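Notes for the one structure printed next.
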Amino acid sequence: MQKDNSQISSFHKIKILFLIHDLGHGGAEKVLVNLVNNMDRSKFDISVTALFGGGVNEQFLKPDIHYRAIFSRTFRGNSHIMKLLSPRQLHKLLIKGTYDIEVAYLEGPASRIISGCSDRETKLVSWIHTELRSAEAAACSFRSVREAVSCYNRFNRIIGVSEEVRRTFLKALPVKVPMQVLYNTNESAVIVQQSKEAVDVGLFQDGEIKLVGVGKLLKHKGFDRMVRIVKRLNSEGYPVHLYVLGVGPLRDKLERYRVENHLERKITLLGYQTNPYKYVSKCDLFVCASFAEGFSTAATEALIVGTPVCTVEVSGMKEMLGEHNEWGVVTENSEEALYQGIKDLLDHPDKLTHYKEKAIERGKTFSTENTVRAVEDMLLKLIHKGK
């Protein structure tokens, strides 16, 4: 069915589809829910499709979002099976209905599928959430680098969640599509409200300096570096306690390290929490030890609740915290540099107080209203002006 975009007006709700791999634990999954929940329903008729169902963030979608999962659960070898079909075949098989705009809300399989849309009137958008520093990395879900370039060139717009994500993507793949930066959406008012809830009695001990890390327990998130730093600081007499919020395959390794090094009272693995903000807001310092990020949702949320941030340099952090550490501390991306950064803050409590004030100030930049309006403006311009 062809659509006449010239007839789209303020009285015509724009039909938009967001396709994502799943709505499980993760920053991109969470910010997609935040975005669609806060978009203007008088302008947009919103559908969200996940390749694989069962994700914990499904429950947070508002009831008027049209949601479906193509497969009830992920299955082994799915990425290889998908490569057997062309993007156009996948789109025809998996995408139901016609839309004014189709958005691949994650690099990789979602982008390959959406690029196969055969309706020339449908505007296509691809969202890149992480640093892709080589052609091979950018093309890992495609049959080849050549196919990846061809697929991405079919989009009307590509979005990066930070300037570094945009720069590395364009360096990795020679695509000719306009690419812009749009920051992730956080439900700032909800975050602040939930941050005020109480935590379990006895969880936090007086006299301890509380560090917190949030994210999937994956190798590239660097939690193994974090626990080694905590061991080192405690051995030097700093009364630090690390609280880790998240689940993932690294949990067993972290648990073993905790027990083998007698750190049961210095490292607490809190698992997945539907309200992480009440923990983050009551800690003295948010720490990010990742080897790679896009634009850290967890770090943004820490700023919103007024918790200072100390992080290694990954994509987006200098945009978030300033080139000269105006709103938080960014160190070189090494375990030693992060250790030194945390230690300096512990040695100078006045700096920690200063960065708490700066966190509150910077957190206001990432208001829900500002980030959602920027996305809506981009989508409306696509419809009314094309490229």
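Here, A, B, ... name the chains of the structure tokens in the order displayed, residue numbers run from 1 inside each chain, and ligands are numbered from 1 in the same displayed order.
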
**Request:** as a PyMOL selection string, list the residues of range 88-179 of chain A assigned to helix (DSSP H, G or I) by DSSP on the backbone atoms of this structure.
**Result:** chain A and resi 88-94+109-114+135-138+145-152+163-172

**Asked** Contacts of range 195-205 of chain A at 7 Å or less, counting only C-alpha atoms, minus same-chain residues fewer than 3 places along, as a ChimeraX atom specification?
**Response** /A:191-192,208,277-279,281,305

Would you save the residues from that selection as a PDB file, in the first residue's frame, using all heavy atoms?
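After the write, out-v1.pdb holds the following:
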```pdb
ATOM      1  N   ILE A 191      12.916   8.994  37.650  1.00  0.00           N
ATOM      2  CA  ILE A 191      14.182   8.592  38.268  1.00  0.00           C
ATOM      3  C   ILE A 191      14.382   9.300  39.603  1.00  0.00           C
ATOM      4  O   ILE A 191      14.722   8.680  40.613  1.00  0.00           O
ATOM      5  CB  ILE A 191      15.354   8.889  37.304  1.00  0.00           C
ATOM      6  CG1 ILE A 191      15.320   7.914  36.128  1.00  0.00           C
ATOM      7  CG2 ILE A 191      16.700   8.792  38.029  1.00  0.00           C
ATOM      8  CD1 ILE A 191      16.287   8.251  35.005  1.00  0.00           C
ATOM      9  N   VAL A 192      14.167  10.609  39.615  1.00  0.00           N
ATOM     10  CA  VAL A 192      14.342  11.379  40.847  1.00  0.00           C
ATOM     11  C   VAL A 192      13.361  10.915  41.925  1.00  0.00           C
ATOM     12  O   VAL A 192      13.724  10.735  43.091  1.00  0.00           O
ATOM     13  CB  VAL A 192      14.170  12.890  40.575  1.00  0.00           C
ATOM     14  CG1 VAL A 192      14.119  13.666  41.878  1.00  0.00           C
ATOM     15  CG2 VAL A 192      15.307  13.398  39.698  1.00  0.00           C
ATOM     16  N   GLU A 208      31.511   3.763  55.744  1.00  0.00           N
ATOM     17  CA  GLU A 208      32.005   3.228  54.476  1.00  0.00           C
ATOM     18  C   GLU A 208      31.811   4.240  53.349  1.00  0.00           C
ATOM     19  O   GLU A 208      30.857   5.018  53.350  1.00  0.00           O
ATOM     20  CB  GLU A 208      31.280   1.932  54.119  1.00  0.00           C
ATOM     21  CG  GLU A 208      31.654   0.754  55.002  1.00  0.00           C
ATOM     22  CD  GLU A 208      31.061  -0.558  54.502  1.00  0.00           C
ATOM     23  OE1 GLU A 208      29.957  -0.533  53.924  1.00  0.00           O
ATOM     24  OE2 GLU A 208      31.714  -1.597  54.686  1.00  0.00           O
ATOM     25  N   TYR A 277      17.766   3.281  41.080  1.00  0.00           N
ATOM     26  CA  TYR A 277      18.055   4.668  41.446  1.00  0.00           C
ATOM     27  C   TYR A 277      18.127   4.878  42.953  1.00  0.00           C
ATOM     28  O   TYR A 277      18.884   5.722  43.430  1.00  0.00           O
ATOM     29  CB  TYR A 277      17.006   5.599  40.829  1.00  0.00           C
ATOM     30  CG  TYR A 277      16.632   5.191  39.426  1.00  0.00           C
ATOM     31  CD1 TYR A 277      15.342   4.780  39.107  1.00  0.00           C
ATOM     32  CD2 TYR A 277      17.601   5.165  38.413  1.00  0.00           C
ATOM     33  CE1 TYR A 277      15.004   4.368  37.833  1.00  0.00           C
ATOM     34  CE2 TYR A 277      17.271   4.763  37.135  1.00  0.00           C
ATOM     35  CZ  TYR A 277      15.966   4.363  36.845  1.00  0.00           C
ATOM     36  OH  TYR A 277      15.653   3.947  35.578  1.00  0.00           O
ATOM     37  N   LYS A 278      17.346   4.126  43.708  1.00  0.00           N
ATOM     38  CA  LYS A 278      17.366   4.298  45.157  1.00  0.00           C
ATOM     39  C   LYS A 278      18.710   3.874  45.740  1.00  0.00           C
ATOM     40  O   LYS A 278      19.109   4.356  46.808  1.00  0.00           O
ATOM     41  CB  LYS A 278      16.214   3.527  45.816  1.00  0.00           C
ATOM     42  CG  LYS A 278      16.275   2.007  45.671  1.00  0.00           C
ATOM     43  CD  LYS A 278      15.052   1.368  46.335  1.00  0.00           C
ATOM     44  CE  LYS A 278      15.085  -0.157  46.228  1.00  0.00           C
ATOM     45  NZ  LYS A 278      13.905  -0.777  46.860  1.00  0.00           N
ATOM     46  N   TYR A 279      19.404   2.967  45.038  1.00  0.00           N
ATOM     47  CA  TYR A 279      20.739   2.566  45.477  1.00  0.00           C
ATOM     48  C   TYR A 279      21.791   3.575  45.009  1.00  0.00           C
ATOM     49  O   TYR A 279      22.641   3.996  45.787  1.00  0.00           O
ATOM     50  CB  TYR A 279      21.085   1.175  44.931  1.00  0.00           C
ATOM     51  CG  TYR A 279      20.123   0.096  45.363  1.00  0.00           C
ATOM     52  CD1 TYR A 279      19.090  -0.311  44.519  1.00  0.00           C
ATOM     53  CD2 TYR A 279      20.235  -0.528  46.604  1.00  0.00           C
ATOM     54  CE1 TYR A 279      18.193  -1.302  44.899  1.00  0.00           C
ATOM     55  CE2 TYR A 279      19.347  -1.521  47.003  1.00  0.00           C
ATOM     56  CZ  TYR A 279      18.328  -1.898  46.135  1.00  0.00           C
ATOM     57  OH  TYR A 279      17.444  -2.877  46.521  1.00  0.00           O
ATOM     58  N   SER A 281      21.526   6.694  44.201  1.00  0.00           N
ATOM     59  CA  SER A 281      21.418   8.016  44.835  1.00  0.00           C
ATOM     60  C   SER A 281      22.026   8.050  46.226  1.00  0.00           C
ATOM     61  O   SER A 281      22.411   9.116  46.718  1.00  0.00           O
ATOM     62  CB  SER A 281      19.942   8.447  44.911  1.00  0.00           C
ATOM     63  OG  SER A 281      19.218   7.612  45.797  1.00  0.00           O
ATOM     64  N   VAL A 305      20.400  11.740  39.532  1.00  0.00           N
ATOM     65  CA  VAL A 305      20.113  11.594  40.966  1.00  0.00           C
ATOM     66  C   VAL A 305      21.176  12.267  41.833  1.00  0.00           C
ATOM     67  O   VAL A 305      21.128  12.187  43.060  1.00  0.00           O
ATOM     68  CB  VAL A 305      19.947  10.109  41.376  1.00  0.00           C
ATOM     69  CG1 VAL A 305      18.839   9.462  40.586  1.00  0.00           C
ATOM     70  CG2 VAL A 305      21.261   9.334  41.230  1.00  0.00           C
TER      71      VAL A 305
END
```

Find the residues around Met320 in chain A up to 12 Å (only C-alpha atoms counted), leave out those fewer than 3 positions away in its own chain, and share them as a short mmCIF file (atom, residue, chain, number, x, y, z; two decimals) with N, CA, C and O atoms, in the first residue's frame.
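Listed below is the output, around_9.cif:
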```
data_model
loop_
_atom_site.label_atom_id
_atom_site.label_comp_id
_atom_site.auth_asym_id
_atom_site.auth_seq_id
_atom_site.Cartn_x
_atom_site.Cartn_y
_atom_site.Cartn_z
N VAL A 161 24.28 7.90 19.23
CA VAL A 161 23.89 8.36 20.56
C VAL A 161 24.95 9.27 21.19
O VAL A 161 24.74 9.81 22.27
N SER A 162 26.09 9.41 20.52
CA SER A 162 27.11 10.36 20.96
C SER A 162 27.93 10.76 19.74
O SER A 162 27.89 10.10 18.70
N GLU A 163 28.69 11.83 19.90
CA GLU A 163 29.54 12.29 18.79
C GLU A 163 30.60 11.25 18.46
O GLU A 163 30.93 11.04 17.29
N GLU A 164 31.13 10.57 19.46
CA GLU A 164 32.15 9.54 19.22
C GLU A 164 31.55 8.35 18.47
O GLU A 164 32.19 7.78 17.58
N TYR A 183 20.74 12.38 21.92
CA TYR A 183 21.02 11.74 23.19
C TYR A 183 19.86 10.86 23.65
O TYR A 183 18.70 11.09 23.31
N ASN A 184 20.20 9.85 24.44
CA ASN A 184 19.22 8.89 24.94
C ASN A 184 18.20 9.56 25.86
O ASN A 184 18.50 10.56 26.53
N GLY A 294 28.31 3.38 24.39
CA GLY A 294 27.79 4.26 23.36
C GLY A 294 27.64 5.64 23.98
O GLY A 294 28.43 6.54 23.77
N PHE A 295 26.60 5.79 24.77
CA PHE A 295 26.41 6.96 25.63
C PHE A 295 25.77 6.40 26.88
O PHE A 295 24.58 6.08 26.87
N SER A 296 26.54 6.25 27.92
CA SER A 296 26.14 5.44 29.08
C SER A 296 24.84 5.92 29.73
O SER A 296 24.78 7.01 30.31
N THR A 297 23.82 5.08 29.65
CA THR A 297 22.55 5.37 30.32
C THR A 297 22.74 5.40 31.83
O THR A 297 22.23 6.29 32.51
N ALA A 298 23.50 4.45 32.35
CA ALA A 298 23.68 4.37 33.80
C ALA A 298 24.40 5.59 34.34
O ALA A 298 24.05 6.11 35.42
N ALA A 299 25.41 6.09 33.62
CA ALA A 299 26.13 7.28 34.07
C ALA A 299 25.22 8.51 34.02
O ALA A 299 25.26 9.36 34.92
N THR A 300 24.41 8.60 32.98
CA THR A 300 23.46 9.72 32.87
C THR A 300 22.49 9.70 34.05
O THR A 300 22.19 10.74 34.65
N GLU A 301 21.99 8.51 34.39
CA GLU A 301 21.06 8.39 35.51
C GLU A 301 21.72 8.76 36.83
O GLU A 301 21.08 9.33 37.72
N ALA A 302 23.01 8.43 36.98
CA ALA A 302 23.73 8.82 38.19
C ALA A 302 23.77 10.34 38.33
O ALA A 302 23.54 10.88 39.42
N LEU A 303 24.02 11.04 37.23
CA LEU A 303 24.01 12.50 37.28
C LEU A 303 22.64 13.03 37.66
O LEU A 303 22.52 13.96 38.46
N ILE A 304 21.60 12.42 37.09
CA ILE A 304 20.23 12.89 37.36
C ILE A 304 19.89 12.79 38.85
O ILE A 304 19.21 13.65 39.40
N VAL A 309 30.33 11.06 39.23
CA VAL A 309 30.75 10.01 38.31
C VAL A 309 32.26 10.04 38.12
O VAL A 309 32.84 11.10 37.87
N CYS A 310 32.88 8.88 38.24
CA CYS A 310 34.28 8.69 37.87
C CYS A 310 34.31 7.55 36.85
O CYS A 310 33.84 6.45 37.14
N THR A 311 34.84 7.81 35.69
CA THR A 311 34.78 6.84 34.60
C THR A 311 36.06 6.82 33.79
O THR A 311 36.76 7.83 33.69
N GLU A 313 37.70 6.67 30.01
CA GLU A 313 37.26 7.33 28.80
C GLU A 313 36.70 6.31 27.80
O GLU A 313 37.43 5.45 27.29
N VAL A 314 35.42 6.38 27.57
CA VAL A 314 34.75 5.63 26.52
C VAL A 314 33.84 6.61 25.80
O VAL A 314 33.67 7.75 26.22
N SER A 315 33.26 6.16 24.72
CA SER A 315 32.43 7.04 23.90
C SER A 315 31.38 7.76 24.73
O SER A 315 30.68 7.16 25.54
N GLY A 316 31.29 9.06 24.53
CA GLY A 316 30.25 9.86 25.15
C GLY A 316 30.59 10.47 26.49
O GLY A 316 29.94 11.42 26.92
N MET A 317 31.61 9.94 27.19
CA MET A 317 31.86 10.41 28.56
C MET A 317 32.36 11.85 28.60
O MET A 317 31.97 12.62 29.48
N GLU A 323 35.23 18.17 28.53
CA GLU A 323 36.59 17.89 28.06
C GLU A 323 37.61 18.04 29.17
O GLU A 323 38.68 17.43 29.15
N HIS A 324 37.30 18.87 30.15
CA HIS A 324 38.25 19.14 31.24
C HIS A 324 37.65 18.79 32.60
O HIS A 324 37.88 19.47 33.60
N ASN A 325 36.85 17.73 32.62
CA ASN A 325 36.27 17.21 33.86
C ASN A 325 35.41 18.24 34.60
O ASN A 325 35.40 18.30 35.82
N GLU A 326 34.64 19.00 33.82
CA GLU A 326 33.79 20.02 34.44
C GLU A 326 32.71 19.43 35.32
O GLU A 326 32.38 19.99 36.37
N TRP A 327 32.10 18.31 34.91
CA TRP A 327 30.95 17.76 35.64
C TRP A 327 31.21 16.38 36.24
O TRP A 327 30.34 15.79 36.86
N GLY A 328 32.40 15.84 36.05
CA GLY A 328 32.75 14.53 36.58
C GLY A 328 34.18 14.22 36.18
O GLY A 328 34.83 15.01 35.49
N VAL A 329 34.68 13.06 36.60
CA VAL A 329 36.07 12.70 36.35
C VAL A 329 36.15 11.63 35.26
O VAL A 329 35.54 10.56 35.38
N VAL A 330 36.91 11.93 34.20
CA VAL A 330 37.18 10.98 33.12
C VAL A 330 38.67 10.69 33.11
O VAL A 330 39.49 11.60 32.97
N LYS A 358 28.04 19.39 40.86
CA LYS A 358 28.12 19.44 39.40
C LYS A 358 27.24 18.37 38.75
O LYS A 358 26.69 18.56 37.66
N ALA A 359 27.12 17.21 39.42
CA ALA A 359 26.26 16.14 38.90
C ALA A 359 24.82 16.61 38.82
O ALA A 359 24.13 16.41 37.81
N GLU A 361 23.76 19.64 38.59
CA GLU A 361 23.67 20.67 37.55
C GLU A 361 23.62 20.04 36.15
O GLU A 361 22.78 20.40 35.33
N ARG A 362 24.52 19.09 35.91
CA ARG A 362 24.60 18.48 34.58
C ARG A 362 23.41 17.58 34.29
O ARG A 362 22.96 17.48 33.15
N GLY A 363 22.88 16.94 35.32
CA GLY A 363 21.76 16.03 35.13
C GLY A 363 20.54 16.69 34.52
O GLY A 363 19.76 16.05 33.80
N LYS A 364 20.38 17.99 34.76
CA LYS A 364 19.22 18.71 34.22
C LYS A 364 19.26 18.81 32.70
O LYS A 364 18.21 18.98 32.06
N THR A 365 20.45 18.68 32.11
CA THR A 365 20.59 18.74 30.65
C THR A 365 19.84 17.61 29.97
O THR A 365 19.33 17.77 28.86
N PHE A 366 19.78 16.46 30.63
CA PHE A 366 19.23 15.25 30.01
C PHE A 366 17.78 15.03 30.43
O PHE A 366 17.36 13.90 30.70
#
```

**Nearest to Ala110 in chain A, chosen from A:Leu35, A:Val244, A:Leu352, A:Leu124, with only C-alpha atoms counted in the distances** =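 The answer is A:Leu124, which sits nearest to Ala110 in chain A.
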
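Neighbouring residues of range 336-338 of chain A at 8 Å or closer, counting only C-alpha atoms and skipping chain neighbours under 3 positions away, are Ala289, Cys310, Thr311, Val312, Thr331, Glu332, Asn333, Gly341 and Ile342 of chain A.
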